[in-house]
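Next up, protein.cif (mmCIF, C-alpha atoms and all ligand atoms; chains and numbers go by the auth columns):
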data_upload
loop_
_atom_site.group_PDB
_atom_site.id
_atom_site.type_symbol
_atom_site.label_atom_id
_atom_site.label_comp_id
_atom_site.label_asym_id
_atom_site.label_seq_id
_atom_site.Cartn_x
_atom_site.Cartn_y
_atom_site.Cartn_z
_atom_site.B_iso_or_equiv
_atom_site.auth_seq_id
_atom_site.auth_asym_id
ATOM 1 C CA MET A 1 0.000 0.000 0.000 0.00 107 A
ATOM 2 C CA SER A 2 1.325 3.417 -0.954 0.00 108 A
ATOM 3 C CA ASP A 3 2.054 6.140 1.570 0.00 109 A
ATOM 4 C CA GLU A 4 1.137 8.801 -0.977 0.00 110 A
ATOM 5 C CA LYS A 5 -1.058 11.503 0.427 0.00 111 A
ATOM 6 C CA LYS A 6 -4.528 11.358 -1.004 0.00 112 A
ATOM 7 C CA SER A 7 -6.140 14.664 -1.773 0.00 113 A
ATOM 8 C CA ILE A 8 -9.848 15.316 -1.613 0.00 114 A
ATOM 9 C CA GLN A 9 -11.179 15.954 -5.084 0.00 115 A
ATOM 10 C CA SER A 10 -14.756 16.867 -4.234 0.00 116 A
ATOM 11 C CA ILE A 11 -17.368 16.694 -1.525 0.00 117 A
ATOM 12 C CA VAL A 12 -21.138 16.462 -1.632 0.00 118 A
ATOM 13 C CA THR A 13 -22.903 18.773 0.784 0.00 119 A
ATOM 14 C CA PRO A 14 -26.683 18.961 0.998 0.00 120 A
ATOM 15 C CA THR A 15 -27.867 22.554 1.210 0.00 121 A
ATOM 16 C CA ARG A 16 -31.231 24.062 1.869 0.00 122 A
ATOM 17 C CA LEU A 17 -32.358 27.652 1.746 0.00 123 A
ATOM 18 C CA GLU A 18 -35.591 28.769 3.370 0.00 124 A
ATOM 19 C CA TYR A 19 -36.801 32.311 3.150 0.00 125 A
ATOM 20 C CA ASP A 20 -39.900 34.460 3.454 0.00 126 A
ATOM 21 C CA PHE A 21 -41.000 36.582 0.526 0.00 127 A
ATOM 22 C CA THR A 22 -42.273 40.093 1.204 0.00 128 A
ATOM 23 C CA PRO A 23 -44.103 40.999 -1.990 0.00 129 A
ATOM 24 C CA GLY A 24 -44.666 44.751 -1.780 0.00 130 A
ATOM 25 C CA ALA A 25 -47.980 46.487 -2.501 0.00 131 A
ATOM 26 C CA ALA A 26 -48.343 45.721 -6.229 0.00 132 A
ATOM 27 C CA THR A 27 -47.384 42.040 -6.049 0.00 133 A
ATOM 28 C CA ALA A 28 -49.481 41.618 -2.886 0.00 134 A
ATOM 29 C CA ARG A 29 -52.534 42.806 -4.869 0.00 135 A
ATOM 30 C CA PHE A 30 -51.719 40.301 -7.599 0.00 136 A
ATOM 31 C CA LEU A 31 -51.314 37.458 -5.076 0.00 137 A
ATOM 32 C CA ARG A 32 -54.591 38.359 -3.325 0.00 138 A
ATOM 33 C CA GLY A 33 -56.199 38.155 -6.782 0.00 139 A
ATOM 34 C CA VAL A 34 -54.895 34.668 -7.535 0.00 140 A
ATOM 35 C CA LYS A 35 -56.090 33.580 -4.095 0.00 141 A
ATOM 36 C CA GLU A 36 -59.599 34.340 -5.450 0.00 142 A
ATOM 37 C CA GLY A 37 -58.938 32.777 -8.858 0.00 143 A
ATOM 38 C CA ARG A 38 -58.379 36.113 -10.607 0.00 144 A
ATOM 39 C CA ILE A 39 -55.413 37.256 -12.694 0.00 145 A
ATOM 40 C CA LEU A 40 -54.927 40.976 -12.122 0.00 146 A
ATOM 41 C CA GLY A 41 -52.692 43.395 -13.969 0.00 147 A
ATOM 42 C CA GLN A 42 -52.260 47.137 -14.032 0.00 148 A
ATOM 43 C CA ARG A 43 -52.336 49.572 -16.941 0.00 149 A
ATOM 44 C CA CYS A 44 -49.829 52.389 -17.412 0.00 150 A
ATOM 45 C CA PRO A 45 -51.656 55.747 -17.561 0.00 151 A
ATOM 46 C CA GLU A 46 -49.193 57.044 -20.184 0.00 152 A
ATOM 47 C CA CYS A 47 -48.410 54.240 -22.651 0.00 153 A
ATOM 48 C CA SER A 48 -51.481 52.046 -21.828 0.00 154 A
ATOM 49 C CA LYS A 49 -49.380 48.899 -21.529 0.00 155 A
ATOM 50 C CA VAL A 50 -50.766 46.277 -19.144 0.00 156 A
ATOM 51 C CA TYR A 51 -48.369 44.494 -16.804 0.00 157 A
ATOM 52 C CA VAL A 52 -49.155 41.106 -15.246 0.00 158 A
ATOM 53 C CA PRO A 53 -48.173 40.786 -12.511 0.00 159 A
ATOM 54 C CA ALA A 54 -47.883 44.513 -11.978 0.00 160 A
ATOM 55 C CA ARG A 55 -44.792 45.892 -10.249 0.00 161 A
ATOM 56 C CA GLY A 56 -46.418 49.194 -9.319 0.00 162 A
ATOM 57 C CA SER A 57 -44.844 51.292 -12.046 0.00 163 A
ATOM 58 C CA CYS A 58 -44.253 51.249 -15.778 0.00 164 A
ATOM 59 C CA PRO A 59 -40.611 50.393 -16.583 0.00 165 A
ATOM 60 C CA ARG A 60 -40.842 52.380 -19.842 0.00 166 A
ATOM 61 C CA CYS A 61 -42.514 55.560 -18.576 0.00 167 A
ATOM 62 C CA GLY A 62 -41.415 55.528 -14.940 0.00 168 A
ATOM 63 C CA VAL A 63 -44.886 56.401 -13.664 0.00 169 A
ATOM 64 C CA ALA A 64 -47.077 54.603 -11.136 0.00 170 A
ATOM 65 C CA THR A 65 -49.631 52.119 -12.488 0.00 171 A
ATOM 66 C CA ARG A 66 -52.952 52.169 -10.650 0.00 172 A
ATOM 67 C CA ASP A 67 -55.724 51.123 -13.044 0.00 173 A
ATOM 68 C CA GLU A 68 -56.462 47.475 -12.365 0.00 174 A
ATOM 69 C CA VAL A 69 -57.178 45.161 -15.291 0.00 175 A
ATOM 70 C CA GLU A 70 -58.536 41.616 -14.984 0.00 176 A
ATOM 71 C CA ILE A 71 -57.104 39.078 -17.418 0.00 177 A
ATOM 72 C CA ASP A 72 -59.060 35.958 -18.381 0.00 178 A
ATOM 73 C CA GLY A 73 -56.243 33.397 -18.417 0.00 179 A
ATOM 74 C CA LYS A 74 -55.968 32.707 -22.140 0.00 180 A
ATOM 75 C CA GLY A 75 -52.811 33.590 -23.980 0.00 181 A
ATOM 76 C CA THR A 76 -50.268 32.936 -26.707 0.00 182 A
ATOM 77 C CA VAL A 77 -46.906 31.177 -26.414 0.00 183 A
ATOM 78 C CA THR A 78 -44.239 33.671 -27.488 0.00 184 A
ATOM 79 C CA THR A 79 -41.085 31.673 -26.720 0.00 185 A
ATOM 80 C CA PHE A 80 -40.417 28.406 -24.928 0.00 186 A
ATOM 81 C CA CYS A 81 -37.745 25.916 -23.947 0.00 187 A
ATOM 82 C CA VAL A 82 -37.898 22.145 -23.710 0.00 188 A
ATOM 83 C CA VAL A 83 -36.465 20.816 -20.464 0.00 189 A
ATOM 84 C CA ARG A 84 -34.745 17.429 -20.733 0.00 190 A
ATOM 85 C CA VAL A 85 -32.738 17.546 -17.514 0.00 191 A
ATOM 86 C CA PRO A 86 -34.277 16.044 -14.355 0.00 192 A
ATOM 87 C CA SER A 87 -34.476 18.077 -11.170 0.00 193 A
ATOM 88 C CA GLU A 88 -35.153 16.869 -7.640 0.00 194 A
ATOM 89 C CA ASN A 89 -37.644 19.682 -7.117 0.00 195 A
ATOM 90 C CA ILE A 90 -39.739 19.165 -10.242 0.00 196 A
ATOM 91 C CA ASP A 91 -41.856 16.058 -10.519 0.00 197 A
ATOM 92 C CA LEU A 92 -42.725 16.198 -14.214 0.00 198 A
ATOM 93 C CA LYS A 93 -42.285 13.656 -16.965 0.00 199 A
ATOM 94 C CA LEU A 94 -39.356 14.587 -19.203 0.00 200 A
ATOM 95 C CA PRO A 95 -39.184 16.298 -21.567 0.00 201 A
ATOM 96 C CA TYR A 96 -41.497 19.133 -20.554 0.00 202 A
ATOM 97 C CA THR A 97 -41.915 22.696 -21.775 0.00 203 A
ATOM 98 C CA ALA A 98 -41.593 26.046 -19.988 0.00 204 A
ATOM 99 C CA ALA A 99 -42.892 29.010 -21.944 0.00 205 A
ATOM 100 C CA HIS A 100 -43.374 32.717 -22.035 0.00 206 A
ATOM 101 C CA ILE A 101 -47.100 33.273 -22.492 0.00 207 A
ATOM 102 C CA LEU A 102 -48.524 36.610 -23.548 0.00 208 A
ATOM 103 C CA LEU A 103 -51.873 36.673 -21.758 0.00 209 A
ATOM 104 C CA ASP A 104 -54.679 38.252 -23.775 0.00 210 A
ATOM 105 C CA GLY A 105 -54.955 41.906 -22.825 0.00 211 A
ATOM 106 C CA SER A 106 -51.468 42.143 -21.321 0.00 212 A
ATOM 107 C CA ASP A 107 -48.184 43.428 -22.713 0.00 213 A
ATOM 108 C CA ILE A 108 -45.534 41.348 -20.989 0.00 214 A
ATOM 109 C CA PRO A 109 -45.167 37.565 -21.141 0.00 215 A
ATOM 110 C CA PHE A 110 -45.946 35.404 -18.141 0.00 216 A
ATOM 111 C CA PHE A 111 -43.636 32.448 -17.413 0.00 217 A
ATOM 112 C CA ALA A 112 -45.364 29.075 -16.952 0.00 218 A
ATOM 113 C CA LEU A 113 -45.305 25.374 -17.722 0.00 219 A
ATOM 114 C CA ILE A 114 -47.145 23.876 -20.686 0.00 220 A
ATOM 115 C CA GLN A 115 -48.794 20.500 -20.062 0.00 221 A
ATOM 116 C CA GLU A 116 -51.427 18.218 -21.639 0.00 222 A
ATOM 117 C CA CYS A 117 -49.466 18.020 -24.867 0.00 223 A
ATOM 118 C CA GLU A 118 -46.140 16.592 -26.007 0.00 224 A
ATOM 119 C CA ALA A 119 -43.122 18.900 -25.757 0.00 225 A
ATOM 120 C CA ASP A 120 -42.573 18.712 -29.524 0.00 226 A
ATOM 121 C CA GLU A 121 -46.108 20.007 -30.156 0.00 227 A
ATOM 122 C CA VAL A 122 -45.428 23.338 -28.422 0.00 228 A
ATOM 123 C CA ARG A 123 -44.758 26.186 -30.846 0.00 229 A
ATOM 124 C CA MET A 124 -44.502 29.957 -30.963 0.00 230 A
ATOM 125 C CA GLY A 125 -47.957 31.428 -31.516 0.00 231 A
ATOM 126 C CA MET A 126 -49.787 28.459 -29.944 0.00 232 A
ATOM 127 C CA ARG A 127 -52.942 29.392 -28.025 0.00 233 A
ATOM 128 C CA VAL A 128 -53.145 28.187 -24.404 0.00 234 A
ATOM 129 C CA GLU A 129 -55.236 28.617 -21.267 0.00 235 A
ATOM 130 C CA ALA A 130 -54.481 28.525 -17.547 0.00 236 A
ATOM 131 C CA VAL A 131 -55.288 25.367 -15.598 0.00 237 A
ATOM 132 C CA TRP A 132 -55.931 26.171 -11.960 0.00 238 A
ATOM 133 C CA ALA A 133 -55.360 23.975 -8.950 0.00 239 A
ATOM 134 C CA PRO A 134 -58.546 22.810 -7.149 0.00 240 A
ATOM 135 C CA LYS A 135 -60.152 25.802 -5.384 0.00 241 A
ATOM 136 C CA GLU A 136 -59.684 24.304 -1.908 0.00 242 A
ATOM 137 C CA GLU A 137 -55.898 24.427 -2.488 0.00 243 A
ATOM 138 C CA TRP A 138 -55.782 28.107 -3.474 0.00 244 A
ATOM 139 C CA GLY A 139 -53.486 30.384 -1.522 0.00 245 A
ATOM 140 C CA ALA A 140 -51.773 33.683 -2.234 0.00 246 A
ATOM 141 C CA THR A 141 -49.304 32.009 -4.582 0.00 247 A
ATOM 142 C CA PHE A 142 -48.455 31.611 -8.259 0.00 248 A
ATOM 143 C CA ALA A 143 -48.832 27.866 -7.644 0.00 249 A
ATOM 144 C CA ASN A 144 -52.635 28.299 -7.954 0.00 250 A
ATOM 145 C CA ILE A 145 -52.055 28.259 -11.706 0.00 251 A
ATOM 146 C CA ARG A 146 -50.694 24.778 -12.189 0.00 252 A
ATOM 147 C CA TYR A 147 -49.820 25.139 -15.855 0.00 253 A
ATOM 148 C CA PHE A 148 -51.198 26.155 -19.233 0.00 254 A
ATOM 149 C CA ARG A 149 -52.662 23.769 -21.805 0.00 255 A
ATOM 150 C CA PRO A 150 -53.367 24.090 -25.520 0.00 256 A
ATOM 151 C CA ILE A 151 -56.784 25.291 -26.656 0.00 257 A
ATOM 152 C CA ASP A 152 -58.442 24.690 -29.993 0.00 258 A
ATOM 153 C CA GLU A 153 -57.819 28.113 -31.532 0.00 259 A
ATOM 154 C CA PRO A 154 -55.702 29.002 -34.565 0.00 260 A
ATOM 155 C CA ASP A 155 -52.065 29.959 -33.924 0.00 261 A
ATOM 156 C CA VAL A 156 -51.307 33.673 -33.686 0.00 262 A
ATOM 157 C CA ALA A 157 -49.048 35.077 -36.419 0.00 263 A
ATOM 158 C CA PHE A 158 -45.510 35.976 -35.309 0.00 264 A
ATOM 159 C CA GLU A 159 -46.062 39.592 -36.472 0.00 265 A
ATOM 160 C CA LYS A 160 -48.734 40.018 -33.804 0.00 266 A
ATOM 161 C CA PHE A 161 -46.523 39.144 -30.813 0.00 267 A
ATOM 162 C CA LYS A 162 -42.967 39.833 -32.042 0.00 268 A
ATOM 163 C CA GLU A 163 -42.844 43.049 -29.975 0.00 269 A
ATOM 164 C CA HIS A 164 -43.395 40.983 -26.818 0.00 270 A
ATOM 165 C CA LEU A 165 -40.554 38.461 -27.010 0.00 271 A
HETATM 166 ZN ZN ZN B . -45.918 53.294 -19.621 0.00 301 B
#

Go ahead and express the file in the form of structure tokens.
Amino acid sequence: MSDEKKSIQSIVTPTRLEYDFTPGAATARFLRGVKEGRILGQRCPECSKVYVPARGSCPRCGVATRDEVEIDGKGTVTTFCVVRVPSENIDLKLPYTAAHILLDGSDIPFFALIQECEADEVRMGMRVEAVWAPKEEWGATFANIRYFRPIDEPDVAFEKFKEHL
């Protein structure tokens, strides 16, 4: 047996991070909305863009957004990625799709999972709708919207959402 010193090449250390999220006034309004099954945004008084979830001000105009707008939960996939790498925290069949969805009546995409179709069926311009968790599970959390699924509507032309990528 050799007396050579053995060096440590790597170690495995489990880590865990727990934290509380303090949402601020605008996000708190959004989260109270989803607790009631509503998707709320706010409209900029200057450029009329609708932000979902609202952050309390328009990033383009720098003014406060106050007018509340209710969004119905249908939208269009603008961009997406297919996930083929497993994760301990995500219990989904691989591959699955995460997408930016431009909700009807809003001006910024909303990030969500696409389910109820194969990953290779997802495409830019595809029409989708929100699928909510059972009402008894609703809390003040994005998790109320489980995912989006395709709906039987014609794809939206790229020209109509290219400004929202
Ligand atoms: Zn604006």

Please identify all polymer residues within 6 Å of Phe186 (chain A), counting only C-alpha atoms, omitting same-chain residues fewer than 2 positions from it, and present them as a ChimeraX atom specification. /A:204-206

Using only C-alpha atoms, which protein or nucleic acid residues come within 9 Å of Cys164 (chain A)? Drop anything in the same chain fewer than 2 positions from it, and give the result as a short mmCIF file (atom, residue, chain, number, x, y, z; two decimals) with C-alpha atoms, in the coordinates of the input.
data_model
loop_
_atom_site.label_atom_id
_atom_site.label_comp_id
_atom_site.auth_asym_id
_atom_site.auth_seq_id
_atom_site.Cartn_x
_atom_site.Cartn_y
_atom_site.Cartn_z
CA ARG A 149 -52.34 49.57 -16.94
CA CYS A 150 -49.83 52.39 -17.41
CA PRO A 151 -51.66 55.75 -17.56
CA GLU A 152 -49.19 57.04 -20.18
CA CYS A 153 -48.41 54.24 -22.65
CA LYS A 155 -49.38 48.90 -21.53
CA VAL A 156 -50.77 46.28 -19.14
CA TYR A 157 -48.37 44.49 -16.80
CA ALA A 160 -47.88 44.51 -11.98
CA ARG A 161 -44.79 45.89 -10.25
CA GLY A 162 -46.42 49.19 -9.32
CA ARG A 166 -40.84 52.38 -19.84
CA CYS A 167 -42.51 55.56 -18.58
CA GLY A 168 -41.42 55.53 -14.94
CA VAL A 169 -44.89 56.40 -13.66
CA ALA A 170 -47.08 54.60 -11.14
CA THR A 171 -49.63 52.12 -12.49
#

To one decimal place in Å, what is the distance between CA of Ile207 (chain A) and CA of Thr185 (chain A)? 7.5 Å

Take the PyMOL selection byres (((chain A and resi 137) around 9) and not hetatm), apply it to the structure above, and return the hits as an MDAnalysis selection string. chainID A and resid 129 132:136 138:142 145:146 159 245:248

Those residues with C-alpha atoms, as a PDB file, in the coordinates of the input please?
ATOM      1  CA  PRO A 129     -44.103  40.999  -1.990  1.00  0.00           C
ATOM      2  CA  ALA A 132     -48.343  45.721  -6.229  1.00  0.00           C
ATOM      3  CA  THR A 133     -47.384  42.040  -6.049  1.00  0.00           C
ATOM      4  CA  ALA A 134     -49.481  41.618  -2.886  1.00  0.00           C
ATOM      5  CA  ARG A 135     -52.534  42.806  -4.869  1.00  0.00           C
ATOM      6  CA  PHE A 136     -51.719  40.301  -7.599  1.00  0.00           C
ATOM      7  CA  ARG A 138     -54.591  38.359  -3.325  1.00  0.00           C
ATOM      8  CA  GLY A 139     -56.199  38.155  -6.782  1.00  0.00           C
ATOM      9  CA  VAL A 140     -54.895  34.668  -7.535  1.00  0.00           C
ATOM     10  CA  LYS A 141     -56.090  33.580  -4.095  1.00  0.00           C
ATOM     11  CA  GLU A 142     -59.599  34.340  -5.450  1.00  0.00           C
ATOM     12  CA  ILE A 145     -55.413  37.256 -12.694  1.00  0.00           C
ATOM     13  CA  LEU A 146     -54.927  40.976 -12.122  1.00  0.00           C
ATOM     14  CA  PRO A 159     -48.173  40.786 -12.511  1.00  0.00           C
ATOM     15  CA  GLY A 245     -53.486  30.384  -1.522  1.00  0.00           C
ATOM     16  CA  ALA A 246     -51.773  33.683  -2.234  1.00  0.00           C
ATOM     17  CA  THR A 247     -49.304  32.009  -4.582  1.00  0.00           C
ATOM     18  CA  PHE A 248     -48.455  31.611  -8.259  1.00  0.00           C
TER      19      PHE A 248
END

Please write the residues picked by the PyMOL selection byres (((chain A and resi 234) around 8) and not hetatm) on this file as a list in words. Lys180, Gly181, Thr182, Val183, Met232, Arg233, Glu235, Ala236, Phe254, Arg255, Pro256 and Ile257 of chain A

Using Å and a single decimal, report how far CA of Phe267 (chain A) sits from CA of Val189 (chain A). 23.3 Å

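You can rank A:Asn195, A:Arg172, A:Trp238, A:Thr203 by their closest distance to ligand ZN 301 (chain B) using only C-alpha atoms and all ligand atoms, and at the top of that list sits A:Arg172.
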
One number please: CA of Asp178 (chain A) to CA of Arg144 (chain A), in Å, one decimal. 7.8 Å

Identify which of the residues A:Pro201, A:Pro165, A:Pro240, A:Pro120 lies closest to Gln221 (chain A), counting all atoms listed in the file when measuring atom-to-atom distances.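 For Gln221 (chain A), the nearest of the candidates is A:Pro201.
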
Return as JSON the box centre and box size in Å, one decimal, for an axis-aligned box around all listed atoms of region 178-192 of chain A padded by 6 Å per side.
{"center_x": -45.9, "center_y": 26.0, "center_z": -20.9, "size_x": 38.3, "size_y": 31.9, "size_z": 25.1}

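For the residues A:Gln148, A:Thr121, A:Asp261, A:Leu271, ranking by smallest atom-to-atom distance to ligand ZN 301 (chain B) using only C-alpha atoms and all ligand atoms places A:Gln148 first.
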